[in-house]
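**Student:** Sharing input.pdb below, PDB, N, CA and C atoms, pLDDT in the B column:
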```
ATOM      1  N   MET A   1       0.837  -1.183   0.000  1.00 44.00           N
ATOM      2  CA  MET A   1       0.000   0.000   0.000  1.00 44.00           C
ATOM      3  C   MET A   1       0.882   1.246   0.000  1.00 44.00           C
ATOM      4  N   ASN A   2       0.365   2.309  -0.524  1.00 51.00           N
ATOM      5  CA  ASN A   2       1.084   3.568  -0.619  1.00 51.00           C
ATOM      6  C   ASN A   2       1.468   4.080   0.766  1.00 51.00           C
ATOM      7  N   ASN A   3       2.698   4.570   0.935  1.00 52.00           N
ATOM      8  CA  ASN A   3       3.157   5.075   2.225  1.00 52.00           C
ATOM      9  C   ASN A   3       2.283   6.218   2.741  1.00 52.00           C
ATOM     10  N   ARG A   4       1.709   7.002   1.856  1.00 54.00           N
ATOM     11  CA  ARG A   4       0.868   8.116   2.293  1.00 54.00           C
ATOM     12  C   ARG A   4      -0.364   7.627   3.031  1.00 54.00           C
ATOM     13  N   LEU A   5      -0.822   6.433   2.705  1.00 51.00           N
ATOM     14  CA  LEU A   5      -2.000   5.884   3.349  1.00 51.00           C
ATOM     15  C   LEU A   5      -1.692   5.316   4.731  1.00 51.00           C
ATOM     16  N   GLU A   6      -0.429   5.208   5.079  1.00 53.00           N
ATOM     17  CA  GLU A   6      -0.019   4.596   6.328  1.00 53.00           C
ATOM     18  C   GLU A   6       0.401   5.637   7.363  1.00 53.00           C
ATOM     19  N   ARG A   7       0.019   6.872   7.168  1.00 56.00           N
ATOM     20  CA  ARG A   7       0.490   7.955   8.003  1.00 56.00           C
ATOM     21  C   ARG A   7       0.023   7.856   9.449  1.00 56.00           C
ATOM     22  N   ASN A   8      -1.102   7.218   9.711  1.00 58.00           N
ATOM     23  CA  ASN A   8      -1.632   7.197  11.060  1.00 58.00           C
ATOM     24  C   ASN A   8      -1.255   5.944  11.848  1.00 58.00           C
ATOM     25  N   THR A   9      -0.235   5.218  11.449  1.00 61.00           N
ATOM     26  CA  THR A   9       0.151   3.991  12.129  1.00 61.00           C
ATOM     27  C   THR A   9       0.782   4.257  13.491  1.00 61.00           C
ATOM     28  N   MET A  10       1.146   5.501  13.789  1.00 63.00           N
ATOM     29  CA  MET A  10       1.776   5.827  15.059  1.00 63.00           C
ATOM     30  C   MET A  10       0.769   6.373  16.061  1.00 63.00           C
ATOM     31  N   GLY A  11      -0.527   6.198  15.808  1.00 66.00           N
ATOM     32  CA  GLY A  11      -1.545   6.652  16.732  1.00 66.00           C
ATOM     33  C   GLY A  11      -1.892   8.124  16.598  1.00 66.00           C
ATOM     34  N   VAL A  12      -1.421   8.766  15.539  1.00 67.00           N
ATOM     35  CA  VAL A  12      -1.710  10.174  15.318  1.00 67.00           C
ATOM     36  C   VAL A  12      -3.028  10.283  14.568  1.00 67.00           C
ATOM     37  N   GLU A  13      -3.933  11.111  15.089  1.00 75.00           N
ATOM     38  CA  GLU A  13      -5.214  11.313  14.415  1.00 75.00           C
ATOM     39  C   GLU A  13      -4.989  12.141  13.154  1.00 75.00           C
ATOM     40  N   VAL A  14      -5.402  11.602  12.027  1.00 80.00           N
ATOM     41  CA  VAL A  14      -5.227  12.283  10.750  1.00 80.00           C
ATOM     42  C   VAL A  14      -6.468  13.134  10.494  1.00 80.00           C
ATOM     43  N   LYS A  15      -6.260  14.445  10.310  1.00 91.00           N
ATOM     44  CA  LYS A  15      -7.390  15.361  10.126  1.00 91.00           C
ATOM     45  C   LYS A  15      -7.627  15.687   8.661  1.00 91.00           C
ATOM     46  N   THR A  16      -6.596  15.610   7.855  1.00 93.00           N
ATOM     47  CA  THR A  16      -6.723  15.837   6.418  1.00 93.00           C
ATOM     48  C   THR A  16      -5.994  14.739   5.682  1.00 93.00           C
ATOM     49  N   GLY A  17      -6.336  14.587   4.414  1.00 94.00           N
ATOM     50  CA  GLY A  17      -5.650  13.585   3.614  1.00 94.00           C
ATOM     51  C   GLY A  17      -5.813  13.856   2.137  1.00 94.00           C
ATOM     52  N   ARG A  18      -5.066  13.126   1.377  1.00 95.00           N
ATOM     53  CA  ARG A  18      -5.139  13.239  -0.071  1.00 95.00           C
ATOM     54  C   ARG A  18      -6.373  12.501  -0.576  1.00 95.00           C
ATOM     55  N   ILE A  19      -6.662  12.700  -1.828  1.00 95.00           N
ATOM     56  CA  ILE A  19      -7.878  12.140  -2.425  1.00 95.00           C
ATOM     57  C   ILE A  19      -7.923  10.611  -2.287  1.00 95.00           C
ATOM     58  N   ASP A  20      -6.791   9.942  -2.453  1.00 95.00           N
ATOM     59  CA  ASP A  20      -6.760   8.479  -2.336  1.00 95.00           C
ATOM     60  C   ASP A  20      -7.107   8.024  -0.921  1.00 95.00           C
ATOM     61  N   GLN A  21      -6.622   8.754   0.075  1.00 94.00           N
ATOM     62  CA  GLN A  21      -6.935   8.418   1.460  1.00 94.00           C
ATOM     63  C   GLN A  21      -8.422   8.611   1.735  1.00 94.00           C
ATOM     64  N   ALA A  22      -8.974   9.696   1.227  1.00 96.00           N
ATOM     65  CA  ALA A  22     -10.394   9.972   1.433  1.00 96.00           C
ATOM     66  C   ALA A  22     -11.252   8.911   0.752  1.00 96.00           C
ATOM     67  N   CYS A  23     -10.861   8.497  -0.436  1.00 96.00           N
ATOM     68  CA  CYS A  23     -11.607   7.450  -1.146  1.00 96.00           C
ATOM     69  C   CYS A  23     -11.621   6.160  -0.338  1.00 96.00           C
ATOM     70  N   ALA A  24     -10.479   5.795   0.213  1.00 95.00           N
ATOM     71  CA  ALA A  24     -10.388   4.575   1.013  1.00 95.00           C
ATOM     72  C   ALA A  24     -11.201   4.711   2.297  1.00 95.00           C
ATOM     73  N   ARG A  25     -11.161   5.869   2.912  1.00 93.00           N
ATOM     74  CA  ARG A  25     -11.874   6.089   4.169  1.00 93.00           C
ATOM     75  C   ARG A  25     -13.387   6.016   3.994  1.00 93.00           C
ATOM     76  N   TYR A  26     -13.897   6.596   2.914  1.00 94.00           N
ATOM     77  CA  TYR A  26     -15.340   6.688   2.731  1.00 94.00           C
ATOM     78  C   TYR A  26     -15.893   5.662   1.744  1.00 94.00           C
ATOM     79  N   GLY A  27     -15.026   4.921   1.081  1.00 95.00           N
ATOM     80  CA  GLY A  27     -15.472   3.855   0.190  1.00 95.00           C
ATOM     81  C   GLY A  27     -16.150   4.334  -1.074  1.00 95.00           C
ATOM     82  N   VAL A  28     -15.666   5.443  -1.624  1.00 96.00           N
ATOM     83  CA  VAL A  28     -16.213   5.984  -2.867  1.00 96.00           C
ATOM     84  C   VAL A  28     -15.085   6.231  -3.856  1.00 96.00           C
ATOM     85  N   GLY A  29     -15.446   6.469  -5.106  1.00 97.00           N
ATOM     86  CA  GLY A  29     -14.466   6.745  -6.142  1.00 97.00           C
ATOM     87  C   GLY A  29     -13.960   8.179  -6.089  1.00 97.00           C
ATOM     88  N   ARG A  30     -12.945   8.449  -6.915  1.00 97.00           N
ATOM     89  CA  ARG A  30     -12.311   9.769  -6.915  1.00 97.00           C
ATOM     90  C   ARG A  30     -13.280  10.890  -7.301  1.00 97.00           C
ATOM     91  N   ASN A  31     -14.040  10.696  -8.359  1.00 98.00           N
ATOM     92  CA  ASN A  31     -14.948  11.760  -8.800  1.00 98.00           C
ATOM     93  C   ASN A  31     -16.024  12.043  -7.751  1.00 98.00           C
ATOM     94  N   THR A  32     -16.571  10.981  -7.175  1.00 97.00           N
ATOM     95  CA  THR A  32     -17.577  11.151  -6.135  1.00 97.00           C
ATOM     96  C   THR A  32     -16.978  11.842  -4.924  1.00 97.00           C
ATOM     97  N   MET A  33     -15.757  11.465  -4.551  1.00 97.00           N
ATOM     98  CA  MET A  33     -15.112  12.079  -3.392  1.00 97.00           C
ATOM     99  C   MET A  33     -14.847  13.553  -3.630  1.00 97.00           C
ATOM    100  N   ARG A  34     -14.410  13.902  -4.823  1.00 97.00           N
ATOM    101  CA  ARG A  34     -14.188  15.322  -5.132  1.00 97.00           C
ATOM    102  C   ARG A  34     -15.488  16.103  -5.036  1.00 97.00           C
ATOM    103  N   SER A  35     -16.568  15.532  -5.524  1.00 97.00           N
ATOM    104  CA  SER A  35     -17.873  16.187  -5.464  1.00 97.00           C
ATOM    105  C   SER A  35     -18.326  16.374  -4.019  1.00 97.00           C
ATOM    106  N   ILE A  36     -18.201  15.333  -3.211  1.00 97.00           N
ATOM    107  CA  ILE A  36     -18.580  15.412  -1.801  1.00 97.00           C
ATOM    108  C   ILE A  36     -17.740  16.457  -1.081  1.00 97.00           C
ATOM    109  N   ALA A  37     -16.436  16.441  -1.323  1.00 98.00           N
ATOM    110  CA  ALA A  37     -15.537  17.391  -0.659  1.00 98.00           C
ATOM    111  C   ALA A  37     -15.878  18.831  -1.024  1.00 98.00           C
ATOM    112  N   GLU A  38     -16.198  19.067  -2.287  1.00 97.00           N
ATOM    113  CA  GLU A  38     -16.581  20.419  -2.725  1.00 97.00           C
ATOM    114  C   GLU A  38     -17.877  20.844  -2.033  1.00 97.00           C
ATOM    115  N   GLN A  39     -18.877  19.963  -2.010  1.00 97.00           N
ATOM    116  CA  GLN A  39     -20.162  20.279  -1.384  1.00 97.00           C
ATOM    117  C   GLN A  39     -20.009  20.532   0.112  1.00 97.00           C
ATOM    118  N   ALA A  40     -19.092  19.798   0.743  1.00 97.00           N
ATOM    119  CA  ALA A  40     -18.881  19.919   2.185  1.00 97.00           C
ATOM    120  C   ALA A  40     -17.994  21.107   2.539  1.00 97.00           C
ATOM    121  N   GLY A  41     -17.374  21.725   1.547  1.00 97.00           N
ATOM    122  CA  GLY A  41     -16.431  22.809   1.831  1.00 97.00           C
ATOM    123  C   GLY A  41     -15.182  22.291   2.520  1.00 97.00           C
ATOM    124  N   ALA A  42     -14.799  21.057   2.177  1.00 97.00           N
ATOM    125  CA  ALA A  42     -13.712  20.379   2.866  1.00 97.00           C
ATOM    126  C   ALA A  42     -12.390  20.383   2.102  1.00 97.00           C
ATOM    127  N   VAL A  43     -12.329  21.091   0.984  1.00 97.00           N
ATOM    128  CA  VAL A  43     -11.107  21.105   0.174  1.00 97.00           C
ATOM    129  C   VAL A  43     -10.122  22.114   0.755  1.00 97.00           C
ATOM    130  N   ARG A  44      -8.908  21.664   0.974  1.00 96.00           N
ATOM    131  CA  ARG A  44      -7.830  22.535   1.442  1.00 96.00           C
ATOM    132  C   ARG A  44      -6.701  22.450   0.425  1.00 96.00           C
ATOM    133  N   ARG A  45      -6.355  23.567  -0.148  1.00 96.00           N
ATOM    134  CA  ARG A  45      -5.252  23.605  -1.109  1.00 96.00           C
ATOM    135  C   ARG A  45      -4.057  24.279  -0.448  1.00 96.00           C
ATOM    136  N   ILE A  46      -2.970  23.542  -0.388  1.00 93.00           N
ATOM    137  CA  ILE A  46      -1.720  24.072   0.141  1.00 93.00           C
ATOM    138  C   ILE A  46      -0.689  23.879  -0.956  1.00 93.00           C
ATOM    139  N   GLY A  47      -0.365  24.970  -1.620  1.00 95.00           N
ATOM    140  CA  GLY A  47       0.495  24.870  -2.794  1.00 95.00           C
ATOM    141  C   GLY A  47      -0.224  24.066  -3.860  1.00 95.00           C
ATOM    142  N   LYS A  48       0.413  23.022  -4.343  1.00 94.00           N
ATOM    143  CA  LYS A  48      -0.202  22.154  -5.345  1.00 94.00           C
ATOM    144  C   LYS A  48      -0.952  20.977  -4.713  1.00 94.00           C
ATOM    145  N   ASN A  49      -0.887  20.878  -3.403  1.00 94.00           N
ATOM    146  CA  ASN A  49      -1.547  19.768  -2.709  1.00 94.00           C
ATOM    147  C   ASN A  49      -3.040  19.999  -2.601  1.00 94.00           C
ATOM    148  N   TYR A  50      -3.810  18.999  -2.950  1.00 95.00           N
ATOM    149  CA  TYR A  50      -5.267  18.995  -2.836  1.00 95.00           C
ATOM    150  C   TYR A  50      -5.591  18.086  -1.666  1.00 95.00           C
ATOM    151  N   LEU A  51      -5.930  18.689  -0.530  1.00 96.00           N
ATOM    152  CA  LEU A  51      -6.214  17.917   0.667  1.00 96.00           C
ATOM    153  C   LEU A  51      -7.693  18.007   1.009  1.00 96.00           C
ATOM    154  N   ILE A  52      -8.179  17.002   1.701  1.00 97.00           N
ATOM    155  CA  ILE A  52      -9.577  16.955   2.116  1.00 97.00           C
ATOM    156  C   ILE A  52      -9.620  16.885   3.633  1.00 97.00           C
ATOM    157  N   ASP A  53     -10.385  17.779   4.233  1.00 96.00           N
ATOM    158  CA  ASP A  53     -10.562  17.825   5.682  1.00 96.00           C
ATOM    159  C   ASP A  53     -11.601  16.775   6.067  1.00 96.00           C
ATOM    160  N   PHE A  54     -11.147  15.719   6.740  1.00 96.00           N
ATOM    161  CA  PHE A  54     -12.033  14.612   7.078  1.00 96.00           C
ATOM    162  C   PHE A  54     -13.139  15.036   8.047  1.00 96.00           C
ATOM    163  N   GLY A  55     -12.836  15.946   8.954  1.00 95.00           N
ATOM    164  CA  GLY A  55     -13.838  16.423   9.905  1.00 95.00           C
ATOM    165  C   GLY A  55     -15.003  17.100   9.203  1.00 95.00           C
ATOM    166  N   ASP A  56     -14.691  17.931   8.208  1.00 96.00           N
ATOM    167  CA  ASP A  56     -15.743  18.602   7.450  1.00 96.00           C
ATOM    168  C   ASP A  56     -16.592  17.602   6.669  1.00 96.00           C
ATOM    169  N   VAL A  57     -15.947  16.592   6.096  1.00 96.00           N
ATOM    170  CA  VAL A  57     -16.694  15.574   5.344  1.00 96.00           C
ATOM    171  C   VAL A  57     -17.566  14.756   6.303  1.00 96.00           C
ATOM    172  N   ASP A  58     -17.020  14.411   7.465  1.00 95.00           N
ATOM    173  CA  ASP A  58     -17.806  13.669   8.462  1.00 95.00           C
ATOM    174  C   ASP A  58     -19.047  14.459   8.862  1.00 95.00           C
ATOM    175  N   ASN A  59     -18.879  15.751   9.138  1.00 95.00           N
ATOM    176  CA  ASN A  59     -20.024  16.596   9.515  1.00 95.00           C
ATOM    177  C   ASN A  59     -21.045  16.673   8.391  1.00 95.00           C
ATOM    178  N   PHE A  60     -20.571  16.785   7.154  1.00 96.00           N
ATOM    179  CA  PHE A  60     -21.458  16.843   6.000  1.00 96.00           C
ATOM    180  C   PHE A  60     -22.251  15.550   5.868  1.00 96.00           C
ATOM    181  N   MET A  61     -21.565  14.414   6.003  1.00 93.00           N
ATOM    182  CA  MET A  61     -22.239  13.117   5.906  1.00 93.00           C
ATOM    183  C   MET A  61     -23.260  12.952   7.025  1.00 93.00           C
ATOM    184  N   ASP A  62     -22.911  13.402   8.236  1.00 93.00           N
ATOM    185  CA  ASP A  62     -23.852  13.331   9.351  1.00 93.00           C
ATOM    186  C   ASP A  62     -25.092  14.169   9.078  1.00 93.00           C
ATOM    187  N   SER A  63     -24.898  15.342   8.491  1.00 93.00           N
ATOM    188  CA  SER A  63     -26.034  16.214   8.198  1.00 93.00           C
ATOM    189  C   SER A  63     -26.944  15.589   7.151  1.00 93.00           C
ATOM    190  N   LEU A  64     -26.390  14.822   6.216  1.00 87.00           N
ATOM    191  CA  LEU A  64     -27.207  14.133   5.231  1.00 87.00           C
ATOM    192  C   LEU A  64     -28.112  13.105   5.907  1.00 87.00           C
ATOM    193  N   GLY A  65     -27.575  12.430   6.896  1.00 77.00           N
ATOM    194  CA  GLY A  65     -28.353  11.445   7.640  1.00 77.00           C
ATOM    195  C   GLY A  65     -29.480  12.087   8.422  1.00 77.00           C
ATOM    196  N   ARG A  66     -29.223  13.253   9.003  1.00 78.00           N
ATOM    197  CA  ARG A  66     -30.255  13.964   9.772  1.00 78.00           C
ATOM    198  C   ARG A  66     -31.353  14.488   8.858  1.00 78.00           C
ATOM    199  N   GLU A  67     -30.973  14.952   7.659  1.00 72.00           N
ATOM    200  CA  GLU A  67     -31.959  15.489   6.718  1.00 72.00           C
ATOM    201  C   GLU A  67     -32.940  14.420   6.257  1.00 72.00           C
ATOM    202  N   SER A  68     -32.448  13.184   6.132  1.00 68.00           N
ATOM    203  CA  SER A  68     -33.331  12.110   5.649  1.00 68.00           C
ATOM    204  C   SER A  68     -34.094  11.442   6.786  1.00 68.00           C
ATOM    205  N   GLY A  69     -33.914  11.942   8.023  1.00 67.00           N
ATOM    206  CA  GLY A  69     -34.660  11.402   9.145  1.00 67.00           C
ATOM    207  C   GLY A  69     -33.929  10.313   9.893  1.00 67.00           C
ATOM    208  N   GLY A  70     -32.715   9.963   9.476  1.00 57.00           N
ATOM    209  CA  GLY A  70     -31.946   8.927  10.168  1.00 57.00           C
ATOM    210  C   GLY A  70     -31.211   9.502  11.349  1.00 57.00           C
ATOM    211  N   GLN A  71     -30.675   8.640  12.189  1.00 56.00           N
ATOM    212  CA  GLN A  71     -29.918   9.095  13.356  1.00 56.00           C
ATOM    213  C   GLN A  71     -28.476   8.770  13.192  1.00 56.00           C
TER     214      GLN A  71
END
```
Would you kindly transcribe this structure into structure tokens?
**Tutor:**
Amino acid sequence: MNNRLERNTMGVEVKTGRIDQACARYGVGRNTMRSIAEQAGAVRRIGKNYLIDFGDVDNFMDSLGRESGGQ
């Protein structure tokens, strides 16, 4: 597996990640993940790096569940 995906092996909570990490975390494809990240306002650009704030995506996903009546 890619070394970038193994960043949290030392017990460090990962708050942002690259698109591949986000895809693995949420179980969706790249295009879907980019769309979700844009809708959630979770895109962080640092130089040429395209990072996704996992906390923002988690909050967005939770809000989707509340809107549909789920808990």
**Student:** I would like the residues chosen by the PyMOL selection byres (((chain A and resi 44 and name CA) around 12) and name CA) on the shown file; could you give them as a PyMOL selection string?
**Tutor:** chain A and resi 15-19+34+37-38+40-43+45-54+56-57
**Student:** Interatomic distance between CA of Arg66 in chain A and atom N of Gln21 in chain A?
**Tutor:**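 Separation between CA of Arg66 in chain A and atom N of Gln21 in chain A: 26.1 Å.
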**Student:** Would you compute the distance between CA of Phe60 in chain A and CA of Ile36 in chain A? Give it in Å to one decimal.
**Tutor:**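 So the two atoms, CA of Phe60 in chain A and CA of Ile36 in chain A, lie 8.4 Å apart.
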**Student:** Hey, can you check how far CA of Val28 in chain A sits from atom C of Asp58 in chain A?
**Tutor:**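 So the two atoms, CA of Val28 in chain A and atom C of Asp58 in chain A, lie 14.7 Å apart.
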**Student:** Hey, could you patch up range 51-62 of chain A with all heavy atoms and hand it over as a PDB file, in the coordinates of the input?
**Tutor:**
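The resulting file, part39.pdb, is reproduced below:
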```
ATOM      1  N   LEU A  51      -5.930  18.689  -0.530  1.00 96.00           N
ATOM      2  CA  LEU A  51      -6.214  17.917   0.667  1.00 96.00           C
ATOM      3  C   LEU A  51      -7.693  18.007   1.009  1.00 96.00           C
ATOM      4  O   LEU A  51      -8.367  18.980   0.673  1.00 96.00           O
ATOM      5  CB  LEU A  51      -5.392  18.440   1.849  1.00 96.00           C
ATOM      6  CG  LEU A  51      -3.880  18.391   1.675  1.00 96.00           C
ATOM      7  CD1 LEU A  51      -3.197  19.077   2.854  1.00 96.00           C
ATOM      8  CD2 LEU A  51      -3.392  16.970   1.529  1.00 96.00           C
ATOM      9  N   ILE A  52      -8.179  17.002   1.701  1.00 97.00           N
ATOM     10  CA  ILE A  52      -9.577  16.955   2.116  1.00 97.00           C
ATOM     11  C   ILE A  52      -9.620  16.885   3.633  1.00 97.00           C
ATOM     12  O   ILE A  52      -8.956  16.044   4.245  1.00 97.00           O
ATOM     13  CB  ILE A  52     -10.289  15.745   1.484  1.00 97.00           C
ATOM     14  CG1 ILE A  52     -10.296  15.925  -0.033  1.00 97.00           C
ATOM     15  CG2 ILE A  52     -11.691  15.591   2.034  1.00 97.00           C
ATOM     16  CD1 ILE A  52     -10.823  14.746  -0.797  1.00 97.00           C
ATOM     17  N   ASP A  53     -10.385  17.779   4.233  1.00 96.00           N
ATOM     18  CA  ASP A  53     -10.562  17.825   5.682  1.00 96.00           C
ATOM     19  C   ASP A  53     -11.601  16.775   6.067  1.00 96.00           C
ATOM     20  O   ASP A  53     -12.783  16.914   5.760  1.00 96.00           O
ATOM     21  CB  ASP A  53     -11.020  19.225   6.091  1.00 96.00           C
ATOM     22  CG  ASP A  53     -11.111  19.395   7.588  1.00 96.00           C
ATOM     23  OD1 ASP A  53     -11.649  18.495   8.267  1.00 96.00           O
ATOM     24  OD2 ASP A  53     -10.652  20.439   8.078  1.00 96.00           O
ATOM     25  N   PHE A  54     -11.147  15.719   6.740  1.00 96.00           N
ATOM     26  CA  PHE A  54     -12.033  14.612   7.078  1.00 96.00           C
ATOM     27  C   PHE A  54     -13.139  15.036   8.047  1.00 96.00           C
ATOM     28  O   PHE A  54     -14.258  14.538   7.982  1.00 96.00           O
ATOM     29  CB  PHE A  54     -11.254  13.436   7.665  1.00 96.00           C
ATOM     30  CG  PHE A  54     -10.274  12.817   6.699  1.00 96.00           C
ATOM     31  CD1 PHE A  54      -9.065  12.340   7.153  1.00 96.00           C
ATOM     32  CD2 PHE A  54     -10.567  12.708   5.358  1.00 96.00           C
ATOM     33  CE1 PHE A  54      -8.167  11.742   6.285  1.00 96.00           C
ATOM     34  CE2 PHE A  54      -9.665  12.118   4.470  1.00 96.00           C
ATOM     35  CZ  PHE A  54      -8.461  11.640   4.945  1.00 96.00           C
ATOM     36  N   GLY A  55     -12.836  15.946   8.954  1.00 95.00           N
ATOM     37  CA  GLY A  55     -13.838  16.423   9.905  1.00 95.00           C
ATOM     38  C   GLY A  55     -15.003  17.100   9.203  1.00 95.00           C
ATOM     39  O   GLY A  55     -16.168  16.875   9.548  1.00 95.00           O
ATOM     40  N   ASP A  56     -14.691  17.931   8.208  1.00 96.00           N
ATOM     41  CA  ASP A  56     -15.743  18.602   7.450  1.00 96.00           C
ATOM     42  C   ASP A  56     -16.592  17.602   6.669  1.00 96.00           C
ATOM     43  O   ASP A  56     -17.813  17.739   6.597  1.00 96.00           O
ATOM     44  CB  ASP A  56     -15.151  19.637   6.486  1.00 96.00           C
ATOM     45  CG  ASP A  56     -14.638  20.872   7.198  1.00 96.00           C
ATOM     46  OD1 ASP A  56     -14.935  21.048   8.397  1.00 96.00           O
ATOM     47  OD2 ASP A  56     -13.936  21.669   6.549  1.00 96.00           O
ATOM     48  N   VAL A  57     -15.947  16.592   6.096  1.00 96.00           N
ATOM     49  CA  VAL A  57     -16.694  15.574   5.344  1.00 96.00           C
ATOM     50  C   VAL A  57     -17.566  14.756   6.303  1.00 96.00           C
ATOM     51  O   VAL A  57     -18.726  14.476   6.001  1.00 96.00           O
ATOM     52  CB  VAL A  57     -15.757  14.660   4.527  1.00 96.00           C
ATOM     53  CG1 VAL A  57     -16.537  13.523   3.876  1.00 96.00           C
ATOM     54  CG2 VAL A  57     -15.013  15.456   3.474  1.00 96.00           C
ATOM     55  N   ASP A  58     -17.020  14.411   7.465  1.00 95.00           N
ATOM     56  CA  ASP A  58     -17.806  13.669   8.462  1.00 95.00           C
ATOM     57  C   ASP A  58     -19.047  14.459   8.862  1.00 95.00           C
ATOM     58  O   ASP A  58     -20.151  13.905   8.928  1.00 95.00           O
ATOM     59  CB  ASP A  58     -16.973  13.367   9.707  1.00 95.00           C
ATOM     60  CG  ASP A  58     -15.891  12.326   9.465  1.00 95.00           C
ATOM     61  OD1 ASP A  58     -16.000  11.562   8.482  1.00 95.00           O
ATOM     62  OD2 ASP A  58     -14.938  12.282  10.268  1.00 95.00           O
ATOM     63  N   ASN A  59     -18.879  15.751   9.138  1.00 95.00           N
ATOM     64  CA  ASN A  59     -20.024  16.596   9.515  1.00 95.00           C
ATOM     65  C   ASN A  59     -21.045  16.673   8.391  1.00 95.00           C
ATOM     66  O   ASN A  59     -22.257  16.630   8.634  1.00 95.00           O
ATOM     67  CB  ASN A  59     -19.552  17.996   9.895  1.00 95.00           C
ATOM     68  CG  ASN A  59     -18.773  18.007  11.187  1.00 95.00           C
ATOM     69  OD1 ASN A  59     -18.917  17.125  12.024  1.00 95.00           O
ATOM     70  ND2 ASN A  59     -17.929  19.001  11.349  1.00 95.00           N
ATOM     71  N   PHE A  60     -20.571  16.785   7.154  1.00 96.00           N
ATOM     72  CA  PHE A  60     -21.458  16.843   6.000  1.00 96.00           C
ATOM     73  C   PHE A  60     -22.251  15.550   5.868  1.00 96.00           C
ATOM     74  O   PHE A  60     -23.466  15.566   5.673  1.00 96.00           O
ATOM     75  CB  PHE A  60     -20.637  17.109   4.735  1.00 96.00           C
ATOM     76  CG  PHE A  60     -21.446  17.126   3.472  1.00 96.00           C
ATOM     77  CD1 PHE A  60     -22.262  18.200   3.164  1.00 96.00           C
ATOM     78  CD2 PHE A  60     -21.379  16.069   2.574  1.00 96.00           C
ATOM     79  CE1 PHE A  60     -23.012  18.216   1.988  1.00 96.00           C
ATOM     80  CE2 PHE A  60     -22.113  16.082   1.402  1.00 96.00           C
ATOM     81  CZ  PHE A  60     -22.929  17.164   1.109  1.00 96.00           C
ATOM     82  N   MET A  61     -21.565  14.414   6.003  1.00 93.00           N
ATOM     83  CA  MET A  61     -22.239  13.117   5.906  1.00 93.00           C
ATOM     84  C   MET A  61     -23.260  12.952   7.025  1.00 93.00           C
ATOM     85  O   MET A  61     -24.362  12.444   6.794  1.00 93.00           O
ATOM     86  CB  MET A  61     -21.223  11.979   5.974  1.00 93.00           C
ATOM     87  CG  MET A  61     -20.249  11.975   4.837  1.00 93.00           C
ATOM     88  SD  MET A  61     -21.037  11.533   3.314  1.00 93.00           S
ATOM     89  CE  MET A  61     -19.744  10.623   2.552  1.00 93.00           C
ATOM     90  N   ASP A  62     -22.911  13.402   8.236  1.00 93.00           N
ATOM     91  CA  ASP A  62     -23.852  13.331   9.351  1.00 93.00           C
ATOM     92  C   ASP A  62     -25.092  14.169   9.078  1.00 93.00           C
ATOM     93  O   ASP A  62     -26.202  13.760   9.400  1.00 93.00           O
ATOM     94  CB  ASP A  62     -23.195  13.790  10.656  1.00 93.00           C
ATOM     95  CG  ASP A  62     -22.165  12.811  11.170  1.00 93.00           C
ATOM     96  OD1 ASP A  62     -22.161  11.641  10.733  1.00 93.00           O
ATOM     97  OD2 ASP A  62     -21.345  13.221  12.022  1.00 93.00           O
TER      98      ASP A  62
END
```
